[in-house]
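Asker: Data file target-v3.txt (compact mmCIF, C-alpha atoms) is appended below.
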```
# COMPACT_ATOMS: atom_id res chain seq x y z
CA MET A 1 25.07 25.58 -9.08
CA GLU A 2 24.47 22.33 -10.95
CA LYS A 3 21.44 20.39 -9.78
CA ARG A 4 21.95 17.07 -8.06
CA THR A 5 20.48 14.21 -10.10
CA VAL A 6 18.30 11.47 -8.63
CA LEU A 7 16.95 8.31 -10.22
CA VAL A 8 13.78 6.94 -8.62
CA SER A 9 12.67 3.40 -9.41
CA GLY A 10 8.88 2.97 -9.38
CA ALA A 11 5.98 5.11 -10.61
CA SER A 12 3.18 4.11 -8.22
CA ILE A 13 2.72 6.17 -5.04
CA ALA A 14 6.03 6.59 -3.20
CA GLY A 15 8.06 7.22 -6.37
CA PRO A 16 6.08 10.12 -7.86
CA THR A 17 5.52 11.65 -4.40
CA LEU A 18 9.28 11.59 -3.81
CA ALA A 19 9.88 12.99 -7.31
CA PHE A 20 7.42 15.83 -6.65
CA TRP A 21 9.23 16.98 -3.54
CA LEU A 22 12.75 16.41 -4.84
CA SER A 23 11.90 18.57 -7.85
CA ARG A 24 10.41 21.19 -5.53
CA PHE A 25 13.65 21.19 -3.50
CA GLY A 26 15.84 21.73 -6.56
CA PHE A 27 16.85 18.25 -7.72
CA GLU A 28 16.82 16.94 -11.28
CA VAL A 29 14.68 13.81 -11.07
CA THR A 30 14.13 10.84 -13.35
CA VAL A 31 11.61 8.07 -12.60
CA VAL A 32 12.01 4.65 -14.22
CA GLU A 33 9.04 2.27 -14.34
CA ARG A 34 9.20 -1.31 -15.62
CA ALA A 35 5.59 -1.28 -16.87
CA PRO A 36 5.08 0.00 -20.44
CA GLU A 37 2.71 2.68 -19.16
CA LEU A 38 1.27 4.00 -15.94
CA ARG A 39 -0.37 1.13 -14.03
CA LEU A 40 -3.93 2.25 -13.34
CA GLY A 41 -5.31 -0.90 -11.69
CA GLY A 42 -5.54 -1.66 -8.01
CA GLN A 43 -7.84 -1.52 -5.04
CA ASN A 44 -8.94 1.13 -2.55
CA ILE A 45 -6.24 2.88 -0.53
CA ASP A 46 -6.38 5.49 2.22
CA VAL A 47 -4.70 8.87 2.59
CA ARG A 48 -4.78 9.58 6.32
CA ASP A 49 -3.68 12.10 8.92
CA GLU A 50 -0.17 13.43 8.23
CA ALA A 51 -0.27 11.99 4.71
CA GLN A 52 -3.35 14.11 4.13
CA LYS A 53 -1.34 17.14 5.24
CA VAL A 54 1.37 16.25 2.72
CA VAL A 55 -1.10 16.12 -0.19
CA GLN A 56 -2.53 19.42 1.02
CA LEU A 57 0.96 20.92 0.77
CA MET A 58 1.22 19.43 -2.72
CA GLY A 59 -2.03 21.15 -3.71
CA LEU A 60 -3.59 17.79 -4.58
CA GLU A 61 -6.17 17.22 -1.85
CA ASP A 62 -9.09 18.55 -3.91
CA LYS A 63 -8.17 16.31 -6.86
CA ILE A 64 -7.92 13.28 -4.59
CA ARG A 65 -11.24 14.15 -2.95
CA ALA A 66 -12.88 14.50 -6.38
CA ALA A 67 -11.68 10.99 -7.28
CA ASN A 68 -13.01 9.51 -4.02
CA THR A 69 -14.62 6.08 -4.33
CA GLY A 70 -17.74 7.27 -2.50
CA GLU A 71 -17.46 4.52 0.10
CA LEU A 72 -19.68 5.30 3.10
CA GLY A 73 -18.09 2.93 5.58
CA ILE A 74 -17.80 -0.79 6.28
CA ARG A 75 -20.45 -3.31 7.28
CA PHE A 76 -19.83 -6.78 8.70
CA VAL A 77 -22.44 -9.28 7.53
CA ASP A 78 -23.38 -12.94 7.91
CA ALA A 79 -24.12 -15.44 5.15
CA ALA A 80 -27.67 -14.11 4.79
CA HIS A 81 -26.31 -10.55 4.39
CA ARG A 82 -27.65 -9.50 7.79
CA ILE A 83 -25.62 -6.59 9.16
CA LYS A 84 -23.80 -7.49 12.38
CA ALA A 85 -21.76 -4.30 12.77
CA GLU A 86 -21.45 -1.00 10.94
CA PHE A 87 -18.66 1.59 10.94
CA PRO A 88 -19.53 4.75 9.00
CA LYS A 89 -16.50 6.67 7.82
CA ALA A 90 -17.64 9.88 9.49
CA ASN A 91 -17.94 8.35 12.96
CA SER A 92 -15.03 5.97 13.33
CA ASP A 93 -11.29 5.83 12.74
CA PHE A 94 -11.71 2.23 11.63
CA GLY A 95 -12.16 1.26 7.99
CA THR A 96 -13.07 3.88 5.42
CA ALA A 97 -10.95 7.04 5.41
CA GLU A 98 -12.01 10.56 4.50
CA LEU A 99 -9.80 10.30 1.42
CA GLU A 100 -10.53 6.85 -0.04
CA ILE A 101 -9.25 6.45 -3.59
CA LEU A 102 -8.30 3.70 -6.04
CA ARG A 103 -4.55 3.13 -6.18
CA GLY A 104 -4.46 3.73 -9.93
CA ASP A 105 -6.34 7.01 -9.61
CA LEU A 106 -3.88 8.30 -7.03
CA ALA A 107 -0.94 7.20 -9.17
CA GLN A 108 -2.41 9.08 -12.12
CA ILE A 109 -2.92 12.26 -10.06
CA LEU A 110 0.68 12.11 -8.83
CA TYR A 111 1.98 11.46 -12.35
CA HIS A 112 0.15 14.45 -13.82
CA ALA A 113 1.43 16.62 -10.96
CA THR A 114 5.04 15.72 -11.77
CA ARG A 115 5.39 14.95 -15.47
CA GLU A 116 6.29 18.52 -16.49
CA ASN A 117 9.23 18.73 -14.07
CA VAL A 118 10.26 15.07 -13.83
CA GLY A 119 11.58 12.76 -16.53
CA TYR A 120 9.73 9.45 -16.83
CA ILE A 121 11.14 6.33 -18.46
CA PHE A 122 8.56 3.56 -18.97
CA ASP A 123 9.11 -0.04 -20.06
CA ASP A 124 12.54 -0.26 -18.47
CA GLN A 125 14.25 -1.22 -15.23
CA ILE A 126 17.58 -1.05 -13.44
CA THR A 127 19.76 -4.13 -13.91
CA VAL A 128 23.08 -3.04 -12.40
CA LEU A 129 24.03 -0.39 -9.83
CA GLU A 130 27.66 0.63 -9.44
CA ASP A 131 28.20 3.05 -6.55
CA GLN A 132 31.46 4.78 -7.47
CA GLY A 133 31.66 6.89 -4.31
CA ASN A 134 30.95 10.25 -5.90
CA GLN A 135 28.25 9.02 -8.30
CA VAL A 136 26.21 5.94 -9.25
CA LEU A 137 26.53 4.29 -12.64
CA VAL A 138 23.19 2.78 -13.58
CA THR A 139 22.73 0.09 -16.22
CA PHE A 140 19.22 -0.28 -17.63
CA LYS A 141 17.61 -3.24 -19.33
CA ASN A 142 16.65 -1.27 -22.44
CA ASN A 143 18.23 2.19 -22.31
CA ALA A 144 21.87 3.25 -22.34
CA PRO A 145 23.72 3.47 -19.00
CA ARG A 146 23.53 6.79 -17.13
CA ILE A 147 25.17 8.41 -14.14
CA PHE A 148 23.21 9.83 -11.19
CA ASP A 149 24.16 11.37 -7.87
CA LEU A 150 21.61 9.26 -5.98
CA VAL A 151 19.33 6.27 -6.66
CA ILE A 152 16.15 5.56 -4.67
CA ALA A 153 14.13 2.33 -4.75
CA ALA A 154 10.39 3.00 -4.55
CA ASP A 155 9.15 0.01 -6.50
CA GLY A 156 7.14 -2.00 -3.99
CA ILE A 157 7.44 -5.01 -1.74
CA ARG A 158 8.97 -7.18 -4.52
CA SER A 159 11.53 -4.48 -5.38
CA THR A 160 14.31 -5.79 -7.61
CA THR A 161 16.15 -2.49 -7.13
CA ARG A 162 16.27 -3.13 -3.38
CA LYS A 163 18.04 -6.42 -4.02
CA LEU A 164 20.66 -4.65 -6.15
CA MET A 165 21.26 -2.22 -3.27
CA PHE A 166 21.10 -4.51 -0.25
CA GLY A 167 21.18 -8.10 -1.49
CA ASP A 168 19.28 -10.43 0.85
CA GLU A 169 19.76 -8.20 3.91
CA PRO A 170 16.11 -6.97 4.01
CA GLN A 171 13.69 -9.72 5.03
CA ILE A 172 10.15 -10.26 3.79
CA LYS A 173 8.17 -11.50 6.79
CA TYR A 174 5.03 -13.49 5.98
CA ILE A 175 2.28 -12.91 8.54
CA GLY A 176 0.17 -15.98 7.77
CA VAL A 177 -2.45 -14.68 5.31
CA TYR A 178 -2.91 -15.07 1.56
CA CYS A 179 -4.99 -12.45 -0.21
CA SER A 180 -6.38 -11.96 -3.69
CA TYR A 181 -7.89 -8.80 -5.18
CA LEU A 182 -9.96 -8.40 -8.32
CA THR A 183 -12.53 -6.19 -10.04
CA ILE A 184 -15.99 -7.67 -10.68
CA PRO A 185 -19.13 -6.38 -12.44
CA ARG A 186 -21.42 -4.23 -10.30
CA ILE A 187 -24.92 -5.56 -9.70
CA GLU A 188 -28.11 -3.76 -8.73
CA SER A 189 -27.90 -4.71 -5.06
CA ASP A 190 -24.40 -3.25 -4.66
CA ASP A 191 -24.42 0.03 -2.76
CA GLU A 192 -21.83 2.49 -1.48
CA TRP A 193 -20.81 0.44 1.56
CA ALA A 194 -17.88 -1.92 1.89
CA TYR A 195 -18.84 -5.39 3.16
CA TRP A 196 -16.84 -7.91 5.20
CA TYR A 197 -17.95 -11.53 5.51
CA ASN A 198 -16.29 -14.30 7.52
CA ALA A 199 -16.70 -17.92 6.43
CA PRO A 200 -15.72 -20.92 8.56
CA GLY A 201 -12.21 -22.15 7.96
CA SER A 202 -10.51 -18.79 8.54
CA ARG A 203 -11.76 -17.30 5.27
CA VAL A 204 -12.82 -13.72 4.53
CA LEU A 205 -14.62 -12.14 1.57
CA ASN A 206 -14.84 -8.39 0.93
CA THR A 207 -16.65 -6.20 -1.57
CA ARG A 208 -16.09 -2.47 -1.94
CA PRO A 209 -17.60 0.20 -4.21
CA ASP A 210 -15.54 2.17 -6.68
CA ASN A 211 -16.20 5.29 -8.73
CA VAL A 212 -16.06 3.70 -12.19
CA GLY A 213 -19.18 1.52 -12.17
CA THR A 214 -17.62 -1.74 -10.99
CA THR A 215 -17.06 -3.43 -7.63
CA ARG A 216 -13.74 -4.34 -6.01
CA ALA A 217 -13.61 -7.73 -4.30
CA SER A 218 -11.08 -9.67 -2.30
CA PHE A 219 -10.45 -13.09 -0.77
CA SER A 220 -8.19 -13.74 2.20
CA PHE A 221 -7.43 -16.88 4.18
CA LEU A 222 -5.01 -18.11 6.80
CA SER A 223 -2.42 -20.53 5.52
CA PRO A 224 1.13 -21.76 5.98
CA ASP A 225 3.61 -20.35 3.47
CA ASN A 226 2.81 -22.63 0.51
CA GLY A 227 4.38 -20.53 -2.23
CA TYR A 228 1.05 -19.81 -3.90
CA GLU A 229 2.29 -16.36 -4.97
CA LYS A 230 4.84 -18.06 -7.25
CA LEU A 231 2.24 -20.02 -9.22
CA ASP A 232 0.79 -18.89 -12.54
CA LEU A 233 -2.62 -17.24 -12.61
CA VAL A 234 -4.42 -20.37 -13.83
CA LYS A 235 -3.28 -22.34 -10.78
CA GLN A 236 -3.97 -19.43 -8.46
CA ARG A 237 -7.54 -19.26 -9.72
CA GLU A 238 -7.92 -22.98 -9.10
CA ILE A 239 -6.73 -22.55 -5.51
CA LEU A 240 -9.24 -19.77 -4.88
CA LYS A 241 -12.10 -21.76 -6.41
CA ASP A 242 -11.25 -24.77 -4.29
CA LYS A 243 -10.76 -22.73 -1.14
CA PHE A 244 -13.98 -20.67 -1.41
CA ALA A 245 -16.37 -23.01 -3.24
CA ASP A 246 -18.51 -23.56 -0.13
CA ALA A 247 -17.87 -20.21 1.58
CA GLY A 248 -21.38 -18.86 1.11
CA TRP A 249 -22.56 -15.25 0.91
CA GLN A 250 -21.31 -13.76 -2.40
CA ALA A 251 -18.62 -16.37 -3.01
CA PRO A 252 -20.39 -17.86 -6.10
CA ARG A 253 -20.69 -14.42 -7.69
CA ILE A 254 -17.07 -13.47 -7.08
CA LEU A 255 -15.72 -16.85 -8.15
CA LYS A 256 -17.79 -16.67 -11.34
CA ALA A 257 -16.14 -13.33 -12.15
CA LEU A 258 -12.69 -14.67 -11.32
CA ASP A 259 -12.07 -16.13 -14.80
CA GLN A 260 -13.12 -12.94 -16.58
CA SER A 261 -11.36 -10.43 -14.34
CA LYS A 262 -8.27 -8.89 -15.94
CA ASP A 263 -6.70 -7.57 -12.76
CA VAL A 264 -6.50 -10.58 -10.44
CA TYR A 265 -3.73 -10.13 -7.87
CA PHE A 266 -2.74 -12.99 -5.56
CA ASP A 267 -0.01 -12.72 -2.96
CA ARG A 268 0.99 -13.62 0.56
CA ILE A 269 0.57 -10.75 3.03
CA SER A 270 4.00 -9.76 4.27
CA GLN A 271 6.04 -7.00 5.86
CA VAL A 272 9.43 -5.75 4.76
CA LYS A 273 11.93 -5.69 7.62
CA ALA A 274 15.15 -3.88 6.72
CA PRO A 275 17.89 -3.05 9.25
CA ARG A 276 18.87 0.00 7.18
CA TRP A 277 17.25 2.02 4.41
CA SER A 278 20.36 3.42 2.77
CA ASN A 279 23.65 2.12 1.46
CA GLY A 280 26.15 4.63 0.13
CA ARG A 281 24.40 6.76 -2.48
CA CYS A 282 21.40 4.45 -2.65
CA ALA A 283 18.28 4.39 -0.45
CA MET A 284 14.69 3.15 -0.43
CA VAL A 285 11.27 4.42 0.54
CA GLY A 286 7.68 3.17 0.82
CA ASP A 287 6.78 -0.51 0.49
CA ALA A 288 10.24 -1.35 -0.85
CA ALA A 289 11.69 -0.26 2.49
CA TYR A 290 8.97 -0.91 5.06
CA CYS A 291 5.76 -2.41 3.69
CA PRO A 292 3.36 -2.61 6.67
CA THR A 293 0.91 -5.03 4.92
CA PRO A 294 -2.44 -4.03 3.35
CA MET A 295 -4.14 -5.11 6.59
CA SER A 296 -2.70 -2.07 8.34
CA GLY A 297 -4.49 0.34 6.00
CA MET A 298 -1.38 2.50 6.21
CA GLY A 299 0.74 1.53 3.20
CA ALA A 300 -0.09 4.52 1.01
CA SER A 301 0.03 7.02 3.88
CA LEU A 302 3.36 5.63 5.04
CA SER A 303 4.73 5.94 1.50
CA ILE A 304 3.56 9.54 1.15
CA VAL A 305 4.95 10.66 4.51
CA GLY A 306 8.21 8.77 4.00
CA ALA A 307 8.71 10.27 0.53
CA TYR A 308 8.10 13.78 1.84
CA ILE A 309 10.56 13.35 4.71
CA LEU A 310 13.25 11.72 2.56
CA ALA A 311 13.03 14.48 -0.04
CA GLY A 312 12.96 17.17 2.64
CA GLU A 313 16.04 15.84 4.39
CA LEU A 314 17.91 15.55 1.09
CA GLY A 315 17.01 19.17 0.39
CA ARG A 316 18.02 20.25 3.88
CA HIS A 317 21.42 18.49 3.95
CA LYS A 318 24.28 18.95 1.49
CA ASN A 319 25.66 15.54 2.43
CA HIS A 320 23.39 12.70 1.32
CA GLN A 321 24.54 10.45 4.17
CA ASP A 322 23.43 13.03 6.74
CA ALA A 323 20.10 13.25 4.95
CA PHE A 324 19.61 9.50 4.93
CA GLU A 325 20.42 9.28 8.64
CA ALA A 326 17.95 12.07 9.47
CA TYR A 327 15.25 10.42 7.35
CA GLU A 328 15.68 7.12 9.13
CA LYS A 329 15.81 8.72 12.56
CA LEU A 330 12.44 10.37 11.95
CA MET A 331 10.73 7.47 10.21
CA ARG A 332 12.07 4.34 11.91
CA PRO A 333 10.08 4.62 15.21
CA PHE A 334 6.93 5.41 13.25
CA VAL A 335 7.40 2.43 10.92
CA GLU A 336 8.15 0.03 13.74
CA ASP A 337 5.03 1.15 15.58
CA ILE A 338 2.81 0.53 12.55
CA GLN A 339 4.43 -2.83 11.82
CA SER A 340 3.93 -3.97 15.40
CA LEU A 341 0.92 -6.29 15.32
CA PRO A 342 -0.78 -7.11 18.63
CA PRO A 343 -1.21 -10.70 19.81
CA GLY A 344 -3.84 -12.54 17.79
CA VAL A 345 -3.46 -10.60 14.56
CA PRO A 346 -4.35 -11.65 11.90
CA TRP A 347 -5.99 -14.78 13.36
CA VAL A 348 -8.64 -12.96 15.37
CA ALA A 349 -9.99 -11.37 12.17
CA HIS A 350 -10.14 -14.82 10.51
CA PRO A 351 -12.08 -17.03 12.97
CA LYS A 352 -11.93 -20.73 12.16
CA THR A 353 -15.26 -21.95 13.51
CA LYS A 354 -18.90 -20.84 13.32
CA LEU A 355 -18.78 -20.12 17.04
CA GLY A 356 -15.66 -18.02 16.57
CA ILE A 357 -17.38 -16.03 13.82
CA THR A 358 -20.44 -15.49 16.04
CA LEU A 359 -18.25 -14.17 18.86
CA PHE A 360 -16.24 -12.03 16.44
CA ASN A 361 -19.37 -10.41 14.99
CA ALA A 362 -20.84 -9.92 18.47
CA ALA A 363 -17.70 -8.11 19.59
CA LEU A 364 -17.82 -5.91 16.51
CA GLY A 365 -21.49 -5.17 17.10
CA ILE A 366 -20.74 -3.96 20.62
CA ALA A 367 -17.78 -1.94 19.40
CA SER A 368 -19.76 -0.30 16.59
CA SER A 369 -22.62 0.60 18.89
CA ARG A 370 -20.20 2.39 21.18
CA LEU A 371 -18.00 3.65 18.34
CA VAL A 372 -14.94 2.34 20.11
CA LYS A 373 -12.00 3.64 18.08
CA LYS A 374 -9.66 1.01 19.49
CA ILE A 375 -11.46 -1.59 17.37
CA SER A 376 -8.84 -0.94 14.69
CA LYS A 377 -6.35 -2.92 16.79
CA ILE A 378 -8.16 -6.11 15.74
CA PHE A 379 -6.92 -5.55 12.20
CA GLY A 380 -3.71 -3.57 12.24
CA GLY A 381 -2.29 -2.96 15.67
CA ASN A 382 -1.86 0.74 16.30
CA ALA A 383 -2.10 1.53 12.60
CA LYS A 384 -5.12 3.81 12.84
CA LYS A 385 -3.84 5.97 15.67
CA ASP A 386 -3.26 9.47 14.34
CA LEU A 387 0.03 9.69 12.51
CA LYS A 388 0.75 13.03 14.15
CA GLU A 389 1.02 11.23 17.50
CA ARG A 390 3.99 9.21 16.25
CA VAL A 391 5.80 11.22 13.59
CA LYS A 392 6.41 14.95 13.65
CA LEU A 393 5.96 16.25 10.14
CA PRO A 394 8.81 18.71 9.49
CA ASN A 395 8.18 21.98 7.70
CA TYR A 396 10.72 21.97 4.87
CA LYS A 397 11.37 25.33 3.26
```
Would it be possible to restate this file's structure as structure tokens?

Answerer:
Amino acid sequence: MEKRTVLVSGASIAGPTLAFWLSRFGFEVTVVERAPELRLGGQNIDVRDEAQKVVQLMGLEDKIRAANTGELGIRFVDAAHRIKAEFPKANSDFGTAELEILRGDLAQILYHATRENVGYIFDDQITVLEDQGNQVLVTFKNNAPRIFDLVIAADGIRSTTRKLMFGDEPQIKYIGVYCSYLTIPRIESDDEWAYWYNAPGSRVLNTRPDNVGTTRASFSFLSPDNGYEKLDLVKQREILKDKFADAGWQAPRILKALDQSKDVYFDRISQVKAPRWSNGRCAMVGDAAYCPTPMSGMGASLSIVGAYILAGELGRHKNHQDAFEAYEKLMRPFVEDIQSLPPGVPWVAHPKTKLGITLFNAALGIASSRLVKKISKIFGGNAKKDLKERVKLPNYK
């Protein structure tokens, strides 16, 4: 029997995970990535709960564990670097996960696990999709057109493939926070803890250790939707310098590194809300379909679980429409639960005044002393509740 062919757009986390399982279930898979090579940058991401079970089934848990960032947990500090609350990764569901890895490292592990059985096309992208009923004619920017049985968008929150499939039907919902990530030089005082600092004016600074001798840093701040993500990098840097010039703590150090950093990322924090995840022979998975925001800490895990379930249902059903329906039936309640932010989020994590920061740190101090697991609700709703409580991971044969 001739193998069904699938084109997957995106070679980050969801795409290669989907390709792994589709190949395992007997599909002929091609992954197209617009970048000229594998994108190895990025910040820390978590692999939690049912997603950890998926990577165990893939035989990749040990490789992911070996590439762990070494982060011990998260500490909340004041401007003088006094610790106000501490959440070690071994004693709390909040913050650092057991499997904490740089996004680029996970992408590389997934790529190496799939490259022998999956075709990769770099430096190209889909420009036209023509669903002909029994097949999809795909036009590429650089390569010759090809025909596939199915096409899956797995190329992130700004997915251009999603727009070709669904037009403007999916909505990108801004939640009121701008965030910027970058890599900065490590200094002697940096240790293996992540640090969170609140500055007046609803501003937050973070530093996190990595496993390559540098430090990952981030800025976030509450703001109306001002379109900052559309500006060029020079103007974005100017906005960050202006916004955090008087923030205190390690702001001068991070701002000094801002001009030299080669991986500055600046975007508005948003969720993808899509009424459906499939259209004919096309579908989507991961951030392209249901980005939960980085604040949830669940983006990578959601992508891994979603990719496993989508591939499994396609392998289980002969009819792709039945598979897409089963995938959505399993994943939709789970996604909606994670995307449901409680009242006050994200504002409660970004206090505006010095008094608000004092109360915020005091509440965290009490929570950390009691190891209250529900503290995660301050940052991402129910995001840290065990995945197994909300999605039953099928056993696909």

Asker: With all atoms listed in the file as the counted atoms, please give the residues lying no more than 12 Å from Ile187 (chain A), apart from itself and same-chain residues fewer than 2 positions off, as an mmCIF file with C-alpha atoms, keeping the file's coordinate frame.

Answerer:
```cif
data_model
loop_
_atom_site.group_PDB
_atom_site.id
_atom_site.type_symbol
_atom_site.label_atom_id
_atom_site.label_comp_id
_atom_site.auth_asym_id
_atom_site.auth_seq_id
_atom_site.Cartn_x
_atom_site.Cartn_y
_atom_site.Cartn_z
ATOM 1 C CA ILE A 184 -15.990 -7.670 -10.680
ATOM 2 C CA PRO A 185 -19.130 -6.380 -12.440
ATOM 3 C CA SER A 189 -27.900 -4.710 -5.060
ATOM 4 C CA ASP A 190 -24.400 -3.250 -4.660
ATOM 5 C CA ASP A 191 -24.420 0.030 -2.760
ATOM 6 C CA GLU A 192 -21.830 2.490 -1.480
ATOM 7 C CA THR A 207 -16.650 -6.200 -1.570
ATOM 8 C CA PRO A 209 -17.600 0.200 -4.210
ATOM 9 C CA GLY A 213 -19.180 1.520 -12.170
ATOM 10 C CA THR A 214 -17.620 -1.740 -10.990
ATOM 11 C CA THR A 215 -17.060 -3.430 -7.630
ATOM 12 C CA ARG A 216 -13.740 -4.340 -6.010
ATOM 13 C CA GLN A 250 -21.310 -13.760 -2.400
ATOM 14 C CA ARG A 253 -20.690 -14.420 -7.690
ATOM 15 C CA ILE A 254 -17.070 -13.470 -7.080
ATOM 16 C CA ALA A 257 -16.140 -13.330 -12.150
#
```

Asker: Mind giving me the straight-line distance from CA of Cys179 (chain A) to CA of Val264 (chain A) in Å, one decimal?

Answerer: 10.5 Å

Asker: Hey, what's within 12 Å of Val234 (chain A) if we count all atoms listed in the file and toss same-chain stuff fewer than 6 positions away? As a PyMOL selection string, please?

Answerer: chain A and resi 228+240-241+258-260+264-266

Asker: So that I have them on file, write out the residues from the current selection with C-alpha atoms, as a PDB file, keeping the file's coordinate frame.

Answerer:
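As written to disk, out21.pdb reads:
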```pdb
ATOM      1  CA  TYR A 228       1.050 -19.810  -3.900  1.00  0.00           C
ATOM      2  CA  LEU A 240      -9.240 -19.770  -4.880  1.00  0.00           C
ATOM      3  CA  LYS A 241     -12.100 -21.760  -6.410  1.00  0.00           C
ATOM      4  CA  LEU A 258     -12.690 -14.670 -11.320  1.00  0.00           C
ATOM      5  CA  ASP A 259     -12.070 -16.130 -14.800  1.00  0.00           C
ATOM      6  CA  GLN A 260     -13.120 -12.940 -16.580  1.00  0.00           C
ATOM      7  CA  VAL A 264      -6.500 -10.580 -10.440  1.00  0.00           C
ATOM      8  CA  TYR A 265      -3.730 -10.130  -7.870  1.00  0.00           C
ATOM      9  CA  PHE A 266      -2.740 -12.990  -5.560  1.00  0.00           C
TER      10      PHE A 266
END
```

Asker: Show me as a PyMOL selection string the residues that reach within 12 Å of (7.4, -9.1, 3.8), counting all atoms listed in the file and using the file's own coordinates.

Answerer: chain A and resi 156-159+170-177+225+267-274+287-294+339

Asker: Go ahead and write the selection's residues with C-alpha atoms as a CSV table (one decimal), in the coordinates of the input.

Answerer:
```csv
chain,number,residue,atom,x,y,z
A,156,GLY,CA,7.1,-2.0,-4.0
A,157,ILE,CA,7.4,-5.0,-1.7
A,158,ARG,CA,9.0,-7.2,-4.5
A,159,SER,CA,11.5,-4.5,-5.4
A,170,PRO,CA,16.1,-7.0,4.0
A,171,GLN,CA,13.7,-9.7,5.0
A,172,ILE,CA,10.2,-10.3,3.8
A,173,LYS,CA,8.2,-11.5,6.8
A,174,TYR,CA,5.0,-13.5,6.0
A,175,ILE,CA,2.3,-12.9,8.5
A,176,GLY,CA,0.2,-16.0,7.8
A,177,VAL,CA,-2.4,-14.7,5.3
A,225,ASP,CA,3.6,-20.4,3.5
A,267,ASP,CA,0.0,-12.7,-3.0
A,268,ARG,CA,1.0,-13.6,0.6
A,269,ILE,CA,0.6,-10.8,3.0
A,270,SER,CA,4.0,-9.8,4.3
A,271,GLN,CA,6.0,-7.0,5.9
A,272,VAL,CA,9.4,-5.8,4.8
A,273,LYS,CA,11.9,-5.7,7.6
A,274,ALA,CA,15.2,-3.9,6.7
A,287,ASP,CA,6.8,-0.5,0.5
A,288,ALA,CA,10.2,-1.4,-0.8
A,289,ALA,CA,11.7,-0.3,2.5
A,290,TYR,CA,9.0,-0.9,5.1
A,291,CYS,CA,5.8,-2.4,3.7
A,292,PRO,CA,3.4,-2.6,6.7
A,293,THR,CA,0.9,-5.0,4.9
A,294,PRO,CA,-2.4,-4.0,3.4
A,339,GLN,CA,4.4,-2.8,11.8
```

Asker: When you draw a straight line from CA of Phe324 (chain A) to CA of Leu129 (chain A), how long is it in Å?

Answerer: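 CA of Phe324 (chain A) sits 18.3 Å away from CA of Leu129 (chain A).
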